[in-house]
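Participant: Let me begin by handing over the structure; questions about it come next.
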Amino acid sequence: ASRCASTDEFSYEPVKHRQGGAMQLEIVVPTTACFYAGLCGALQLALWIRIMMVRAPLPASTHELGNLAASSDNENLRVTRAHGNYTENAPIFVIMLVAAELCGSPTVWIDATGFVFFFARLMHAKGLWANQGSSLGRMAGAACTMLSLAAAAMQCLRCAAVAEMLTVGRLAVLAGTIAVVLVIAPIPIDEKSKQ
């Protein structure tokens with residue numbers, strides 16, 4: 001982040017300066033996270049262009065989701081899955097990376113986590129494009145994606161704990177919510193869903 005304070009320390013309060021009697025507020029810009037957000041955006045675009053290249057010569061009816069799922073066109077399915085899987089993971093990762101940098105996480109941590117995520121998504125997409133079944137790229141990409149998402153989530157929770165935002169009340173609400181979901185989510189709502 002571009003800031004006056006040391007990047008090795010967590011800072012949750014904006015730095016205020018007096019200049020000529022007027023109070024000025026320092027703005028923290030998450031420049032390192034913005035770099036990885038840009039890389040993720042470029043990869044999203046590349047995955048989308050790949051779908052368009054595969055689908056362009058196909059009849060329009062194959063572009064509909066129901067027809068795609070029933071299709072035997074494995075290349076179309078694989079590029080669509082690579083794009084969809086990326087879209088499920090990238091937004092929350094970028095949000096957590098920006099939040100971690102705004103909270104003062106060290107630049108080396110932002111770089112390492114951002115690189116691992118970006119590398120993982122490249123490996124996963126290439127592995128999925130190249131093979132119909134499992135591949136080393138898909139497996140390594142999925143594992144590194146989970147690792148980088150877990151690291152970003154833990155860093156955001158650490159930032160909240162250091163800022164004393166992780167209170168007993170919030171933890172109790174979180175625990176209660178998880179318990180309710182675990183109890184209610186599996187309950188079938190009709191006879192068909194019991195099978």
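In the structure tokens, the first chain shown is A, the next is B, and so on; residue numbers restart at 1 for each chain, and ligands run from 1 in the order shown.
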Quick one: residues within 8 Å of Gln44 in chain A, only C-alpha atoms counted, chain neighbours fewer than 3 positions away excluded, as a ChimeraX atom specification?
Facilitator: /A:40-41,47-48,83,86-87
Participant: Find the residues around Arg81 in chain A up to 12 Å (only C-alpha atoms counted), leave out those fewer than 2 positions away in its own chain, and share them as a CSV table (one decimal) with N, CA, C and O atoms, in the first residue's frame.
Facilitator:
chain,number,residue,atom,x,y,z
A,47,LEU,N,-10.1,-15.9,-20.4
A,47,LEU,CA,-11.0,-17.1,-20.3
A,47,LEU,C,-12.3,-16.9,-21.1
A,47,LEU,O,-12.8,-17.8,-21.7
A,48,TRP,N,-12.8,-15.7,-21.0
A,48,TRP,CA,-14.0,-15.3,-21.8
A,48,TRP,C,-13.7,-15.4,-23.3
A,48,TRP,O,-14.5,-15.9,-24.0
A,50,ARG,N,-11.5,-17.1,-24.8
A,50,ARG,CA,-11.4,-18.6,-25.1
A,50,ARG,C,-12.8,-19.2,-25.4
A,50,ARG,O,-12.9,-20.0,-26.3
A,51,ILE,N,-13.7,-18.9,-24.5
A,51,ILE,CA,-15.1,-19.4,-24.7
A,51,ILE,C,-15.6,-18.9,-26.1
A,51,ILE,O,-16.2,-19.7,-26.8
A,65,LEU,N,-27.4,-22.8,-21.7
A,65,LEU,CA,-26.9,-23.6,-20.6
A,65,LEU,C,-27.5,-25.0,-20.7
A,65,LEU,O,-26.8,-26.0,-20.5
A,68,LEU,N,-25.9,-26.9,-23.4
A,68,LEU,CA,-24.5,-27.1,-23.1
A,68,LEU,C,-24.3,-28.3,-22.2
A,68,LEU,O,-23.4,-29.1,-22.4
A,69,ALA,N,-25.1,-28.3,-21.2
A,69,ALA,CA,-25.0,-29.4,-20.2
A,69,ALA,C,-25.3,-30.8,-20.8
A,69,ALA,O,-24.7,-31.8,-20.5
A,74,ASN,N,-17.1,-31.7,-25.6
A,74,ASN,CA,-16.2,-31.6,-24.4
A,74,ASN,C,-15.4,-30.3,-24.3
A,74,ASN,O,-15.2,-29.8,-23.3
A,75,GLU,N,-14.9,-29.8,-25.5
A,75,GLU,CA,-14.1,-28.6,-25.4
A,75,GLU,C,-15.0,-27.4,-25.0
A,75,GLU,O,-14.5,-26.6,-24.1
A,76,ASN,N,-16.2,-27.3,-25.5
A,76,ASN,CA,-17.1,-26.2,-25.1
A,76,ASN,C,-17.4,-26.3,-23.6
A,76,ASN,O,-17.3,-25.3,-22.8
A,77,LEU,N,-17.6,-27.5,-23.1
A,77,LEU,CA,-17.9,-27.7,-21.7
A,77,LEU,C,-16.6,-27.4,-20.8
A,77,LEU,O,-16.8,-26.7,-19.8
A,78,ARG,N,-15.5,-27.8,-21.2
A,78,ARG,CA,-14.2,-27.5,-20.5
A,78,ARG,C,-13.9,-26.0,-20.4
A,78,ARG,O,-13.6,-25.5,-19.3
A,79,VAL,N,-14.0,-25.3,-21.5
A,79,VAL,CA,-13.7,-23.9,-21.4
A,79,VAL,C,-14.7,-23.1,-20.6
A,79,VAL,O,-14.4,-22.2,-19.9
A,83,HIS,N,-13.9,-21.0,-17.1
A,83,HIS,CA,-14.3,-19.7,-16.9
A,83,HIS,C,-15.2,-19.6,-15.6
A,83,HIS,O,-15.1,-18.7,-14.8
A,84,GLY,N,-16.2,-20.5,-15.5
A,84,GLY,CA,-17.1,-20.4,-14.4
A,84,GLY,C,-16.4,-20.7,-13.1
A,84,GLY,O,-16.7,-20.0,-12.1
A,85,ASN,N,-15.5,-21.6,-13.0
A,85,ASN,CA,-14.8,-21.9,-11.8
A,85,ASN,C,-13.9,-20.7,-11.4
A,85,ASN,O,-13.9,-20.4,-10.2
A,86,TYR,N,-13.3,-20.1,-12.3
A,86,TYR,CA,-12.5,-18.9,-12.1
A,86,TYR,C,-13.4,-17.8,-11.5
A,86,TYR,O,-13.0,-17.1,-10.5
A,87,THR,N,-14.6,-17.6,-12.1
A,87,THR,CA,-15.5,-16.6,-11.7
A,87,THR,C,-16.0,-16.8,-10.3
A,87,THR,O,-16.3,-15.9,-9.5
A,88,GLU,N,-16.1,-18.1,-9.8
A,88,GLU,CA,-16.5,-18.4,-8.5
A,88,GLU,C,-15.5,-18.0,-7.4
A,88,GLU,O,-15.8,-17.7,-6.3
A,124,HIS,N,-5.0,-24.3,-13.2
A,124,HIS,CA,-6.3,-24.9,-13.3
A,124,HIS,C,-6.9,-24.8,-14.7
A,124,HIS,O,-7.4,-25.8,-15.2
A,125,ALA,N,-6.9,-23.6,-15.2
A,125,ALA,CA,-7.5,-23.4,-16.5
A,125,ALA,C,-6.8,-24.2,-17.6
A,125,ALA,O,-7.5,-24.9,-18.4
A,126,LYS,N,-5.5,-24.2,-17.6
A,126,LYS,CA,-4.8,-24.9,-18.6
A,126,LYS,C,-5.0,-26.4,-18.5
A,126,LYS,O,-5.1,-27.2,-19.4
A,127,GLY,N,-5.0,-26.9,-17.2
A,127,GLY,CA,-5.2,-28.3,-17.0
A,127,GLY,C,-6.6,-28.7,-17.4
A,127,GLY,O,-6.8,-29.8,-17.9
A,128,LEU,N,-7.6,-27.9,-17.2
A,128,LEU,CA,-9.0,-28.2,-17.6
A,128,LEU,C,-9.1,-28.1,-19.1
A,128,LEU,O,-9.8,-29.0,-19.7
A,129,TRP,N,-8.5,-27.2,-19.8
A,129,TRP,CA,-8.6,-27.1,-21.2
A,129,TRP,C,-7.9,-28.3,-21.9
A,129,TRP,O,-8.4,-28.8,-22.9
A,132,GLN,N,-9.7,-34.0,-20.4
A,132,GLN,CA,-11.1,-34.2,-20.1
A,132,GLN,C,-11.3,-34.6,-18.6
A,132,GLN,O,-12.2,-34.2,-17.9
A,138,ARG,N,-4.9,-29.2,-13.0
A,138,ARG,CA,-6.2,-29.0,-12.3
A,138,ARG,C,-6.0,-29.2,-10.8
A,138,ARG,O,-6.5,-28.5,-10.0
Participant: Report the residues of range 27-133 of chain A whose backbone DSSP state falls under alpha helix (DSSP H), written as number ranges by chain.
Facilitator: A: 31-55, 65-70, 74-102, 107-130
Participant: Do a neighbour search on Ile110 in chain A at 8 Å with only C-alpha atoms, toss out local chain neighbours closer than 3 positions, and write the hits as a list of chain:residue names.
Facilitator: A:Thr32, A:Ala33, A:Leu97, A:Ala100, A:Glu101, A:Ser105, A:Pro106, A:Thr107, A:Thr113, A:Gly114
Participant: For the residues in that selection, give me N, CA and C atoms as an mmCIF file, in the first residue's frame.
Facilitator:
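See result-v4.cif below for the written result:
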data_model
loop_
_atom_site.group_PDB
_atom_site.id
_atom_site.type_symbol
_atom_site.label_atom_id
_atom_site.label_comp_id
_atom_site.auth_asym_id
_atom_site.auth_seq_id
_atom_site.Cartn_x
_atom_site.Cartn_y
_atom_site.Cartn_z
ATOM 1 N N THR A 32 -0.470 -2.761 -4.423
ATOM 2 C CA THR A 32 -0.055 -4.138 -4.714
ATOM 3 C C THR A 32 -1.269 -5.001 -5.020
ATOM 4 N N ALA A 33 -2.315 -4.887 -4.220
ATOM 5 C CA ALA A 33 -3.537 -5.644 -4.481
ATOM 6 C C ALA A 33 -4.163 -5.223 -5.807
ATOM 7 N N LEU A 97 -7.875 -9.644 -0.652
ATOM 8 C CA LEU A 97 -6.520 -9.130 -0.836
ATOM 9 C C LEU A 97 -6.487 -7.610 -0.640
ATOM 10 N N ALA A 100 -6.998 -6.879 3.068
ATOM 11 C CA ALA A 100 -5.785 -7.160 3.839
ATOM 12 C C ALA A 100 -4.745 -6.062 3.649
ATOM 13 N N GLU A 101 -4.606 -5.573 2.420
ATOM 14 C CA GLU A 101 -3.629 -4.503 2.193
ATOM 15 C C GLU A 101 -4.078 -3.200 2.848
ATOM 16 N N SER A 105 -1.397 -5.127 5.863
ATOM 17 C CA SER A 105 -0.617 -6.363 5.701
ATOM 18 C C SER A 105 0.656 -6.077 4.926
ATOM 19 N N PRO A 106 1.734 -6.758 5.250
ATOM 20 C CA PRO A 106 3.006 -6.525 4.569
ATOM 21 C C PRO A 106 2.912 -6.774 3.060
ATOM 22 N N THR A 107 3.601 -5.958 2.290
ATOM 23 C CA THR A 107 3.583 -6.072 0.834
ATOM 24 C C THR A 107 4.061 -7.439 0.380
ATOM 25 N N THR A 113 0.733 -14.092 -1.745
ATOM 26 C CA THR A 113 -0.622 -14.637 -1.829
ATOM 27 C C THR A 113 -1.235 -14.370 -3.200
ATOM 28 N N GLY A 114 -1.053 -13.169 -3.713
ATOM 29 C CA GLY A 114 -1.573 -12.833 -5.038
ATOM 30 C C GLY A 114 -0.940 -13.674 -6.124
#
Participant: Could you tell me how far CA of Asn131 in chain A sits from CA of Ala56 in chain A, in Å to one decimal place?
Facilitator: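 CA of Asn131 in chain A lies 21.2 Å from CA of Ala56 in chain A.
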Participant: Interatomic distance between CA of Ser148 in chain A and CA of Phe117 in chain A?
Facilitator: 5.6 Å
Participant: Between A:Ala172, A:Met146, A:Val183, A:Met139, single out the one closest to Asn89 in chain A, counting only C-alpha atoms.
Facilitator: A:Met146
Participant: Find the residue from A:Leu171, A:Ala82, A:Ala60, A:Val108 that sits nearest to Met123 in chain A; use only C-alpha atoms when measuring.
Facilitator: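 Smallest separation from Met123 in chain A among the options: A:Ala82.
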Participant: Which value, in Å to one decimal, gives the distance between CA of Gln155 in chain A and CA of Ala46 in chain A?
Facilitator: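 Spanning CA of Gln155 in chain A to CA of Ala46 in chain A is a straight-line distance of 29.0 Å.
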Participant: Find the residue from A:Ile178, A:Ile184, A:Cys159, A:Leu43 that sits nearest to Leu102 in chain A; use only C-alpha atoms when measuring.
Facilitator: A:Cys159
